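The next block holds one structure in the form of structure tokens; read it before the comments.
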Amino acid sequence: MQRIRLRYTKRGRLRFTSHRDFQRAFERALRRAEVPMAYSAGFTPHPKVSYANAAPTGTGSEAEYLEIALTAERDPDKLRELLDESMPVGLDIVDAVEARTSGLADRLTASVWELRLDGVAPEDAERAVAAFNAAESVEVQRMAKNGMRTFDARSAVAHLETVGPQADRPTDQACAILRLVVRHVTPAVRPDDVLSGLRAVADLAPPVAAAVTRLAQGLFDEETGTVTDPLAPDREAAVTGNSTVAEAAAAKAPA
């Protein structure tokens, strides 16, 4: 049985698709592309697809991951092209590797997010970011299944900064861009929790909803503060032919 790992995106209006909507679209794409899928056993067999840490509905993403199991071998690049052609524009299959190591989900320990705050002056955002970074803890509240929950949003944020305005943004319109690296912890800290924290410490309240995009997710390197490509160990194993070495390298990366 061959396993293929895929990276896909949620762009434009397709960021509003739910995870279940994506599942339906992806399973249709599997059928259109005539992918030789392996199926689960039981009375209602399902294609063997494993999703890892999907982004919340309403957020864009350049780095969503899943793994599929095949009953016959296929070239990952050709398979990616076939699936991408069968998916709606915006839900794009952008990378594919053969799974030669274990534990893809275990490598997704942090995410890089970009938040576009229309109507917020960059200098106001900078002051709020400085206050957030200086705080030892920032308590926020979020409605959970069991009621309102209070937790610290500061401890999960490894890095938060303002970045320059995007080239496609009008210069006469106030717009602040934030870049943050968030560790995947329990309870999960989301970009909207960080925005709640900025409001709590600096009264920063964007007049319109923030446009949120996940730029990357993978292992967090404490030394460099970067998030590494979770598919890199599989690529390395494909080149060296040694999955043990690639898994050892992935395990050594700081979590």
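To be explicit about the labels: the chains of the structure tokens are called A, B, and onward in the order shown, and within each one the residues are counted from 1, while ligands get numbers from 1 in the order they are shown.
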- Task: Please provide the set of residues having any atom within 12 Å of A:Arg142, restricted to only C-alpha atoms, with same-chain residues fewer than 4 positions apart removed, written as a VMD selection string.
- Result: chain A and resid 146 to 153 187 to 190 192 to 197
- Query: If we count only C-alpha atoms, what is near A:Leu115 at a cut-off of 9 Å, once residues fewer than 2 positions away on the same chain are taken out, given as a ChimeraX atom specification?
  - Reply: /A:113,117,176-180,191,210-214
Can you tell me, as a PDB file with all heavy atoms, in the first residue's frame, what residues are no more than 12 Å from stretch 73-82 of chain A when counting only C-alpha atoms, ignoring any on the same chain fewer than 6 positions away?
```pdb
ATOM      1  N   MET A   1       0.851  -1.196   0.000  1.00  0.00           N
ATOM      2  CA  MET A   1       0.000   0.000   0.000  1.00  0.00           C
ATOM      3  C   MET A   1       0.887   1.247   0.000  1.00  0.00           C
ATOM      4  O   MET A   1       1.799   1.383   0.817  1.00  0.00           O
ATOM      5  CB  MET A   1      -0.911   0.002   1.226  1.00  0.00           C
ATOM      6  CG  MET A   1      -1.877   1.177   1.271  1.00  0.00           C
ATOM      7  SD  MET A   1      -2.932   1.169   2.736  1.00  0.00           S
ATOM      8  CE  MET A   1      -3.866  -0.345   2.474  1.00  0.00           C
ATOM      9  N   GLN A   2       0.631   2.143  -0.925  1.00  0.00           N
ATOM     10  CA  GLN A   2       1.393   3.383  -1.019  1.00  0.00           C
ATOM     11  C   GLN A   2       0.643   4.509  -0.319  1.00  0.00           C
ATOM     12  O   GLN A   2      -0.582   4.614  -0.422  1.00  0.00           O
ATOM     13  CB  GLN A   2       1.627   3.762  -2.486  1.00  0.00           C
ATOM     14  CG  GLN A   2       2.514   4.987  -2.674  1.00  0.00           C
ATOM     15  CD  GLN A   2       2.578   5.434  -4.130  1.00  0.00           C
ATOM     16  OE1 GLN A   2       1.614   5.303  -4.877  1.00  0.00           O
ATOM     17  NE2 GLN A   2       3.729   5.968  -4.541  1.00  0.00           N
ATOM     18  N   ARG A   3       1.394   5.343   0.413  1.00  0.00           N
ATOM     19  CA  ARG A   3       0.803   6.501   1.082  1.00  0.00           C
ATOM     20  C   ARG A   3       1.390   7.778   0.476  1.00  0.00           C
ATOM     21  O   ARG A   3       2.597   7.893   0.290  1.00  0.00           O
ATOM     22  CB  ARG A   3       1.087   6.464   2.589  1.00  0.00           C
ATOM     23  CG  ARG A   3       0.394   5.318   3.319  1.00  0.00           C
ATOM     24  CD  ARG A   3       0.721   5.310   4.808  1.00  0.00           C
ATOM     25  NE  ARG A   3       2.156   5.118   5.035  1.00  0.00           N
ATOM     26  CZ  ARG A   3       2.908   5.921   5.747  1.00  0.00           C
ATOM     27  NH1 ARG A   3       2.391   7.019   6.303  1.00  0.00           N
ATOM     28  NH2 ARG A   3       4.189   5.670   5.924  1.00  0.00           N
ATOM     29  N   ILE A   4       0.503   8.717   0.147  1.00  0.00           N
ATOM     30  CA  ILE A   4       0.898   9.990  -0.443  1.00  0.00           C
ATOM     31  C   ILE A   4       0.449  11.114   0.476  1.00  0.00           C
ATOM     32  O   ILE A   4      -0.698  11.133   0.941  1.00  0.00           O
ATOM     33  CB  ILE A   4       0.268  10.190  -1.842  1.00  0.00           C
ATOM     34  CG1 ILE A   4       0.674   9.059  -2.788  1.00  0.00           C
ATOM     35  CG2 ILE A   4       0.671  11.547  -2.416  1.00  0.00           C
ATOM     36  CD1 ILE A   4       2.132   9.070  -3.175  1.00  0.00           C
ATOM     37  N   ARG A   5       1.360  12.052   0.732  1.00  0.00           N
ATOM     38  CA  ARG A   5       1.035  13.219   1.541  1.00  0.00           C
ATOM     39  C   ARG A   5       0.904  14.448   0.654  1.00  0.00           C
ATOM     40  O   ARG A   5       1.749  14.666  -0.216  1.00  0.00           O
ATOM     41  CB  ARG A   5       2.104  13.435   2.612  1.00  0.00           C
ATOM     42  CG  ARG A   5       2.038  12.376   3.699  1.00  0.00           C
ATOM     43  CD  ARG A   5       3.215  12.356   4.615  1.00  0.00           C
ATOM     44  NE  ARG A   5       3.017  11.356   5.665  1.00  0.00           N
ATOM     45  CZ  ARG A   5       3.965  10.908   6.477  1.00  0.00           C
ATOM     46  NH1 ARG A   5       5.208  11.378   6.361  1.00  0.00           N
ATOM     47  NH2 ARG A   5       3.698   9.998   7.393  1.00  0.00           N
ATOM     48  N   LEU A   6      -0.146  15.215   0.874  1.00  0.00           N
ATOM     49  CA  LEU A   6      -0.475  16.347   0.024  1.00  0.00           C
ATOM     50  C   LEU A   6      -0.570  17.629   0.843  1.00  0.00           C
ATOM     51  O   LEU A   6      -1.025  17.615   1.986  1.00  0.00           O
ATOM     52  CB  LEU A   6      -1.811  16.124  -0.685  1.00  0.00           C
ATOM     53  CG  LEU A   6      -1.946  14.854  -1.543  1.00  0.00           C
ATOM     54  CD1 LEU A   6      -3.401  14.650  -1.934  1.00  0.00           C
ATOM     55  CD2 LEU A   6      -1.069  14.949  -2.777  1.00  0.00           C
ATOM     56  N   ARG A   7      -0.137  18.721   0.237  1.00  0.00           N
ATOM     57  CA  ARG A   7      -0.366  20.050   0.808  1.00  0.00           C
ATOM     58  C   ARG A   7      -1.361  20.773  -0.084  1.00  0.00           C
ATOM     59  O   ARG A   7      -1.221  20.764  -1.310  1.00  0.00           O
ATOM     60  CB  ARG A   7       0.928  20.856   0.897  1.00  0.00           C
ATOM     61  CG  ARG A   7       0.725  22.274   1.447  1.00  0.00           C
ATOM     62  CD  ARG A   7       2.044  22.937   1.828  1.00  0.00           C
ATOM     63  NE  ARG A   7       2.878  23.227   0.676  1.00  0.00           N
ATOM     64  CZ  ARG A   7       2.869  24.383   0.013  1.00  0.00           C
ATOM     65  NH1 ARG A   7       2.040  25.349   0.374  1.00  0.00           N
ATOM     66  NH2 ARG A   7       3.677  24.574  -1.006  1.00  0.00           N
ATOM     67  N   TYR A   8      -2.368  21.396   0.526  1.00  0.00           N
ATOM     68  CA  TYR A   8      -3.379  22.103  -0.259  1.00  0.00           C
ATOM     69  C   TYR A   8      -3.661  23.469   0.361  1.00  0.00           C
ATOM     70  O   TYR A   8      -3.238  23.770   1.485  1.00  0.00           O
ATOM     71  CB  TYR A   8      -4.664  21.279  -0.375  1.00  0.00           C
ATOM     72  CG  TYR A   8      -5.411  21.042   0.920  1.00  0.00           C
ATOM     73  CD1 TYR A   8      -6.454  21.875   1.326  1.00  0.00           C
ATOM     74  CD2 TYR A   8      -5.098  19.965   1.738  1.00  0.00           C
ATOM     75  CE1 TYR A   8      -7.149  21.653   2.496  1.00  0.00           C
ATOM     76  CE2 TYR A   8      -5.781  19.725   2.912  1.00  0.00           C
ATOM     77  CZ  TYR A   8      -6.809  20.567   3.283  1.00  0.00           C
ATOM     78  OH  TYR A   8      -7.497  20.336   4.450  1.00  0.00           O
ATOM     79  N   PHE A  26     -12.931  16.960  -2.067  1.00  0.00           N
ATOM     80  CA  PHE A  26     -11.733  16.149  -2.285  1.00  0.00           C
ATOM     81  C   PHE A  26     -12.105  14.720  -2.667  1.00  0.00           C
ATOM     82  O   PHE A  26     -11.480  14.135  -3.567  1.00  0.00           O
ATOM     83  CB  PHE A  26     -10.869  16.147  -1.026  1.00  0.00           C
ATOM     84  CG  PHE A  26      -9.565  15.431  -1.203  1.00  0.00           C
ATOM     85  CD1 PHE A  26      -8.583  15.923  -2.059  1.00  0.00           C
ATOM     86  CD2 PHE A  26      -9.316  14.237  -0.537  1.00  0.00           C
ATOM     87  CE1 PHE A  26      -7.387  15.248  -2.242  1.00  0.00           C
ATOM     88  CE2 PHE A  26      -8.116  13.560  -0.711  1.00  0.00           C
ATOM     89  CZ  PHE A  26      -7.150  14.068  -1.558  1.00  0.00           C
ATOM     90  N   ALA A  29     -12.996  14.695  -6.206  1.00  0.00           N
ATOM     91  CA  ALA A  29     -11.779  14.803  -7.025  1.00  0.00           C
ATOM     92  C   ALA A  29     -11.073  13.457  -7.119  1.00  0.00           C
ATOM     93  O   ALA A  29     -10.542  13.101  -8.185  1.00  0.00           O
ATOM     94  CB  ALA A  29     -10.840  15.853  -6.430  1.00  0.00           C
ATOM     95  N   LEU A  30     -11.059  12.699  -6.050  1.00  0.00           N
ATOM     96  CA  LEU A  30     -10.448  11.360  -6.079  1.00  0.00           C
ATOM     97  C   LEU A  30     -11.145  10.469  -7.099  1.00  0.00           C
ATOM     98  O   LEU A  30     -10.496   9.717  -7.833  1.00  0.00           O
ATOM     99  CB  LEU A  30     -10.506  10.726  -4.695  1.00  0.00           C
ATOM    100  CG  LEU A  30      -9.619  11.345  -3.603  1.00  0.00           C
ATOM    101  CD1 LEU A  30      -9.949  10.729  -2.241  1.00  0.00           C
ATOM    102  CD2 LEU A  30      -8.137  11.143  -3.924  1.00  0.00           C
ATOM    103  N   ARG A  31     -12.472  10.549  -7.147  1.00  0.00           N
ATOM    104  CA  ARG A  31     -13.220   9.729  -8.100  1.00  0.00           C
ATOM    105  C   ARG A  31     -12.979  10.209  -9.535  1.00  0.00           C
ATOM    106  O   ARG A  31     -12.784   9.391 -10.444  1.00  0.00           O
ATOM    107  CB  ARG A  31     -14.718   9.763  -7.770  1.00  0.00           C
ATOM    108  CG  ARG A  31     -15.066   9.050  -6.463  1.00  0.00           C
ATOM    109  CD  ARG A  31     -16.564   8.851  -6.326  1.00  0.00           C
ATOM    110  NE  ARG A  31     -17.272  10.123  -6.178  1.00  0.00           N
ATOM    111  CZ  ARG A  31     -17.520  10.701  -5.013  1.00  0.00           C
ATOM    112  NH1 ARG A  31     -17.095  10.137  -3.887  1.00  0.00           N
ATOM    113  NH2 ARG A  31     -18.190  11.837  -4.959  1.00  0.00           N
ATOM    114  N   ARG A  32     -12.987  11.532  -9.754  1.00  0.00           N
ATOM    115  CA  ARG A  32     -12.773  12.057 -11.106  1.00  0.00           C
ATOM    116  C   ARG A  32     -11.386  11.695 -11.619  1.00  0.00           C
ATOM    117  O   ARG A  32     -11.220  11.396 -12.807  1.00  0.00           O
ATOM    118  CB  ARG A  32     -12.942  13.581 -11.107  1.00  0.00           C
ATOM    119  CG  ARG A  32     -14.349  14.075 -10.866  1.00  0.00           C
ATOM    120  CD  ARG A  32     -14.439  15.562 -11.150  1.00  0.00           C
ATOM    121  NE  ARG A  32     -15.717  16.106 -10.749  1.00  0.00           N
ATOM    122  CZ  ARG A  32     -15.901  16.974  -9.758  1.00  0.00           C
ATOM    123  NH1 ARG A  32     -14.856  17.400  -9.074  1.00  0.00           N
ATOM    124  NH2 ARG A  32     -17.100  17.419  -9.457  1.00  0.00           N
ATOM    125  N   ALA A  33     -10.407  11.751 -10.739  1.00  0.00           N
ATOM    126  CA  ALA A  33      -9.030  11.460 -11.138  1.00  0.00           C
ATOM    127  C   ALA A  33      -8.741   9.963 -11.183  1.00  0.00           C
ATOM    128  O   ALA A  33      -7.626   9.566 -11.537  1.00  0.00           O
ATOM    129  CB  ALA A  33      -8.062  12.144 -10.178  1.00  0.00           C
ATOM    130  N   GLU A  34      -9.747   9.154 -10.820  1.00  0.00           N
ATOM    131  CA  GLU A  34      -9.618   7.696 -10.832  1.00  0.00           C
ATOM    132  C   GLU A  34      -8.408   7.229 -10.015  1.00  0.00           C
ATOM    133  O   GLU A  34      -7.604   6.406 -10.447  1.00  0.00           O
ATOM    134  CB  GLU A  34      -9.533   7.166 -12.273  1.00  0.00           C
ATOM    135  CG  GLU A  34     -10.776   7.480 -13.095  1.00  0.00           C
ATOM    136  CD  GLU A  34     -10.699   6.926 -14.504  1.00  0.00           C
ATOM    137  OE1 GLU A  34      -9.588   6.539 -14.939  1.00  0.00           O
ATOM    138  OE2 GLU A  34     -11.745   6.862 -15.176  1.00  0.00           O
ATOM    139  N   VAL A  35      -8.302   7.782  -8.833  1.00  0.00           N
ATOM    140  CA  VAL A  35      -7.221   7.412  -7.927  1.00  0.00           C
ATOM    141  C   VAL A  35      -7.548   6.052  -7.311  1.00  0.00           C
ATOM    142  O   VAL A  35      -8.654   5.857  -6.792  1.00  0.00           O
ATOM    143  CB  VAL A  35      -7.055   8.477  -6.822  1.00  0.00           C
ATOM    144  CG1 VAL A  35      -5.953   8.071  -5.845  1.00  0.00           C
ATOM    145  CG2 VAL A  35      -6.753   9.829  -7.441  1.00  0.00           C
ATOM    146  N   PRO A  36      -6.604   5.103  -7.331  1.00  0.00           N
ATOM    147  CA  PRO A  36      -6.861   3.763  -6.768  1.00  0.00           C
ATOM    148  C   PRO A  36      -6.809   3.790  -5.244  1.00  0.00           C
ATOM    149  O   PRO A  36      -5.839   3.355  -4.618  1.00  0.00           O
ATOM    150  CB  PRO A  36      -5.739   2.916  -7.363  1.00  0.00           C
ATOM    151  CG  PRO A  36      -4.611   3.876  -7.572  1.00  0.00           C
ATOM    152  CD  PRO A  36      -5.260   5.185  -7.950  1.00  0.00           C
ATOM    153  N   MET A  37      -7.864   4.296  -4.636  1.00  0.00           N
ATOM    154  CA  MET A  37      -7.879   4.494  -3.195  1.00  0.00           C
ATOM    155  C   MET A  37      -8.055   3.189  -2.431  1.00  0.00           C
ATOM    156  O   MET A  37      -8.780   2.283  -2.866  1.00  0.00           O
ATOM    157  CB  MET A  37      -9.019   5.444  -2.816  1.00  0.00           C
ATOM    158  CG  MET A  37      -8.792   6.882  -3.225  1.00  0.00           C
ATOM    159  SD  MET A  37      -7.383   7.627  -2.367  1.00  0.00           S
ATOM    160  CE  MET A  37      -7.919   7.503  -0.660  1.00  0.00           C
ATOM    161  N   ALA A  38      -7.405   3.114  -1.287  1.00  0.00           N
ATOM    162  CA  ALA A  38      -7.685   2.059  -0.327  1.00  0.00           C
ATOM    163  C   ALA A  38      -8.883   2.494   0.503  1.00  0.00           C
ATOM    164  O   ALA A  38      -9.082   3.688   0.757  1.00  0.00           O
ATOM    165  CB  ALA A  38      -6.471   1.827   0.569  1.00  0.00           C
ATOM    166  N   GLU A  67      -3.167  12.984   4.113  1.00  0.00           N
ATOM    167  CA  GLU A  67      -2.477  11.778   3.624  1.00  0.00           C
ATOM    168  C   GLU A  67      -3.510  10.807   3.085  1.00  0.00           C
ATOM    169  O   GLU A  67      -4.574  10.625   3.686  1.00  0.00           O
ATOM    170  CB  GLU A  67      -1.684  11.135   4.767  1.00  0.00           C
ATOM    171  CG  GLU A  67      -0.930   9.875   4.364  1.00  0.00           C
ATOM    172  CD  GLU A  67      -0.107   9.307   5.513  1.00  0.00           C
ATOM    173  OE1 GLU A  67       0.787  10.023   6.016  1.00  0.00           O
ATOM    174  OE2 GLU A  67      -0.371   8.158   5.918  1.00  0.00           O
ATOM    175  N   ASP A  92      -6.531  24.357  -3.905  1.00  0.00           N
ATOM    176  CA  ASP A  92      -5.485  23.927  -4.831  1.00  0.00           C
ATOM    177  C   ASP A  92      -4.557  22.922  -4.167  1.00  0.00           C
ATOM    178  O   ASP A  92      -4.101  23.128  -3.036  1.00  0.00           O
ATOM    179  CB  ASP A  92      -4.664  25.138  -5.306  1.00  0.00           C
ATOM    180  CG  ASP A  92      -5.551  26.222  -5.908  1.00  0.00           C
ATOM    181  OD1 ASP A  92      -6.448  25.862  -6.687  1.00  0.00           O
ATOM    182  OD2 ASP A  92      -5.354  27.401  -5.590  1.00  0.00           O
ATOM    183  N   ILE A  93      -4.261  21.851  -4.889  1.00  0.00           N
ATOM    184  CA  ILE A  93      -3.297  20.855  -4.417  1.00  0.00           C
ATOM    185  C   ILE A  93      -1.932  21.302  -4.922  1.00  0.00           C
ATOM    186  O   ILE A  93      -1.668  21.285  -6.127  1.00  0.00           O
ATOM    187  CB  ILE A  93      -3.630  19.446  -4.937  1.00  0.00           C
ATOM    188  CG1 ILE A  93      -5.108  19.115  -4.704  1.00  0.00           C
ATOM    189  CG2 ILE A  93      -2.718  18.418  -4.272  1.00  0.00           C
ATOM    190  CD1 ILE A  93      -5.521  19.067  -3.266  1.00  0.00           C
ATOM    191  N   VAL A  94      -1.054  21.725  -4.030  1.00  0.00           N
ATOM    192  CA  VAL A  94       0.176  22.407  -4.452  1.00  0.00           C
ATOM    193  C   VAL A  94       1.441  21.589  -4.219  1.00  0.00           C
ATOM    194  O   VAL A  94       2.510  21.964  -4.719  1.00  0.00           O
ATOM    195  CB  VAL A  94       0.316  23.774  -3.746  1.00  0.00           C
ATOM    196  CG1 VAL A  94      -0.807  24.709  -4.183  1.00  0.00           C
ATOM    197  CG2 VAL A  94       0.309  23.616  -2.225  1.00  0.00           C
ATOM    198  N   ASP A  95       1.362  20.491  -3.483  1.00  0.00           N
ATOM    199  CA  ASP A  95       2.566  19.698  -3.239  1.00  0.00           C
ATOM    200  C   ASP A  95       2.166  18.266  -2.936  1.00  0.00           C
ATOM    201  O   ASP A  95       1.074  18.019  -2.393  1.00  0.00           O
ATOM    202  CB  ASP A  95       3.360  20.281  -2.072  1.00  0.00           C
ATOM    203  CG  ASP A  95       4.828  19.847  -2.079  1.00  0.00           C
ATOM    204  OD1 ASP A  95       5.209  19.064  -2.979  1.00  0.00           O
ATOM    205  OD2 ASP A  95       5.583  20.281  -1.195  1.00  0.00           O
ATOM    206  N   ALA A  96       3.042  17.328  -3.270  1.00  0.00           N
ATOM    207  CA  ALA A  96       2.780  15.913  -3.010  1.00  0.00           C
ATOM    208  C   ALA A  96       4.094  15.173  -2.868  1.00  0.00           C
ATOM    209  O   ALA A  96       5.037  15.405  -3.635  1.00  0.00           O
ATOM    210  CB  ALA A  96       1.962  15.296  -4.147  1.00  0.00           C
ATOM    211  N   VAL A  97       4.171  14.310  -1.879  1.00  0.00           N
ATOM    212  CA  VAL A  97       5.341  13.448  -1.692  1.00  0.00           C
ATOM    213  C   VAL A  97       4.853  12.075  -1.269  1.00  0.00           C
ATOM    214  O   VAL A  97       3.770  11.929  -0.684  1.00  0.00           O
ATOM    215  CB  VAL A  97       6.307  13.996  -0.616  1.00  0.00           C
ATOM    216  CG1 VAL A  97       6.859  15.353  -1.001  1.00  0.00           C
ATOM    217  CG2 VAL A  97       5.636  14.058   0.749  1.00  0.00           C
ATOM    218  N   GLU A  98       5.658  11.068  -1.572  1.00  0.00           N
ATOM    219  CA  GLU A  98       5.358   9.738  -1.044  1.00  0.00           C
ATOM    220  C   GLU A  98       5.755   9.695   0.423  1.00  0.00           C
ATOM    221  O   GLU A  98       6.826  10.171   0.814  1.00  0.00           O
ATOM    222  CB  GLU A  98       6.111   8.667  -1.822  1.00  0.00           C
ATOM    223  CG  GLU A  98       5.774   7.259  -1.340  1.00  0.00           C
ATOM    224  CD  GLU A  98       6.396   6.173  -2.201  1.00  0.00           C
ATOM    225  OE1 GLU A  98       7.119   6.524  -3.165  1.00  0.00           O
ATOM    226  OE2 GLU A  98       6.171   4.986  -1.910  1.00  0.00           O
ATOM    227  N   ALA A  99       4.872   9.167   1.265  1.00  0.00           N
ATOM    228  CA  ALA A  99       5.148   9.076   2.699  1.00  0.00           C
ATOM    229  C   ALA A  99       6.181   7.986   2.947  1.00  0.00           C
ATOM    230  O   ALA A  99       5.911   6.802   2.765  1.00  0.00           O
ATOM    231  CB  ALA A  99       3.862   8.770   3.461  1.00  0.00           C
ATOM    232  N   ASP A 234      10.294  13.400   4.262  1.00  0.00           N
ATOM    233  CA  ASP A 234       9.906  12.447   3.221  1.00  0.00           C
ATOM    234  C   ASP A 234      10.710  12.678   1.948  1.00  0.00           C
ATOM    235  O   ASP A 234      11.096  11.725   1.271  1.00  0.00           O
ATOM    236  CB  ASP A 234       8.411  12.566   2.934  1.00  0.00           C
ATOM    237  CG  ASP A 234       7.564  12.193   4.139  1.00  0.00           C
ATOM    238  OD1 ASP A 234       7.618  11.027   4.558  1.00  0.00           O
ATOM    239  OD2 ASP A 234       6.861  13.074   4.656  1.00  0.00           O
ATOM    240  N   ARG A 235      10.958  13.945   1.617  1.00  0.00           N
ATOM    241  CA  ARG A 235      11.783  14.241   0.442  1.00  0.00           C
ATOM    242  C   ARG A 235      13.210  13.745   0.660  1.00  0.00           C
ATOM    243  O   ARG A 235      13.831  13.178  -0.247  1.00  0.00           O
ATOM    244  CB  ARG A 235      11.783  15.739   0.156  1.00  0.00           C
ATOM    245  CG  ARG A 235      10.443  16.298  -0.287  1.00  0.00           C
ATOM    246  CD  ARG A 235      10.604  17.708  -0.837  1.00  0.00           C
ATOM    247  NE  ARG A 235       9.315  18.273  -1.162  1.00  0.00           N
ATOM    248  CZ  ARG A 235       8.561  18.961  -0.316  1.00  0.00           C
ATOM    249  NH1 ARG A 235       9.004  19.199   0.892  1.00  0.00           N
ATOM    250  NH2 ARG A 235       7.395  19.439  -0.689  1.00  0.00           N
ATOM    251  N   ALA A 238      13.376  10.075   0.240  1.00  0.00           N
ATOM    252  CA  ALA A 238      13.273   9.670  -1.158  1.00  0.00           C
ATOM    253  C   ALA A 238      14.621   9.791  -1.860  1.00  0.00           C
ATOM    254  O   ALA A 238      14.947   8.978  -2.731  1.00  0.00           O
ATOM    255  CB  ALA A 238      12.232  10.524  -1.877  1.00  0.00           C
TER     256      ALA A 238
END
```
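Counting from atom CA of A:Glu85, the distance to atom CA of A:Leu219 is 29.7 Å.
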Within 7 Å of A:Phe16, counting only C-alpha atoms, which residues qualify if same-chain residues fewer than 2 places away don't, as a PDB file with N, CA and C atoms, in the first residue's frame?
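What follows is the written file around.pdb:
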```
ATOM      1  N   ARG A  13     -12.493  33.262  -1.836  1.00  0.00           N
ATOM      2  CA  ARG A  13     -13.774  32.970  -1.196  1.00  0.00           C
ATOM      3  C   ARG A  13     -13.847  31.557  -0.648  1.00  0.00           C
ATOM      4  N   LEU A  14     -12.977  30.678  -1.136  1.00  0.00           N
ATOM      5  CA  LEU A  14     -12.992  29.288  -0.675  1.00  0.00           C
ATOM      6  C   LEU A  14     -12.497  29.145   0.761  1.00  0.00           C
ATOM      7  N   SER A  18     -16.146  24.926   4.886  1.00  0.00           N
ATOM      8  CA  SER A  18     -15.884  24.180   6.109  1.00  0.00           C
ATOM      9  C   SER A  18     -15.001  22.978   5.796  1.00  0.00           C
ATOM     10  N   THR A  57     -12.878  27.434   9.709  1.00  0.00           N
ATOM     11  CA  THR A  57     -13.673  28.008   8.629  1.00  0.00           C
ATOM     12  C   THR A  57     -13.561  29.533   8.656  1.00  0.00           C
ATOM     13  N   GLY A  58     -13.361  30.119   7.466  1.00  0.00           N
ATOM     14  CA  GLY A  58     -13.249  31.567   7.364  1.00  0.00           C
ATOM     15  C   GLY A  58     -11.826  32.063   7.294  1.00  0.00           C
ATOM     16  N   THR A  59     -10.853  31.192   7.538  1.00  0.00           N
ATOM     17  CA  THR A  59      -9.449  31.584   7.430  1.00  0.00           C
ATOM     18  C   THR A  59      -8.855  31.001   6.156  1.00  0.00           C
TER      19      THR A  59
END
```
- Message: I need the residues in stretch 4-120 of chain A that are alpha helix (DSSP H) according to DSSP; give them as an MDAnalysis selection string.
- Response: chainID A and resid 19:32 76:86
- Among stretch 24-221 of chain A, which residues carry a DSSP assignment of strand (DSSP E or B), reported as a PyMOL selection string? chain A and resi 37+39+47+49-52+60-70+93-98+110-118+139-144+147-152+157-163+175-183+211-218+220-221
- Here atom CA of A:Leu215 and atom CA of A:Arg107 stand apart by 15.8 Å
- Do you have the atom CA of A:Val201-atom CA of A:Ala130 distance handy? 9.7 Å
- Which one is closest to A:Thr186: A:Ser40, A:Ser111, A:Ser155, A:Gln217? Count only C-alpha atoms. A:Ser155
- Message: When you count only C-alpha atoms, which of these residues is closest to A:Ala25: A:Val181, A:Ala55, A:Asp84, A:Tyr65?
- Response: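 When distances to A:Ala25 are compared using only C-alpha atoms, the smallest one comes from A:Asp84.
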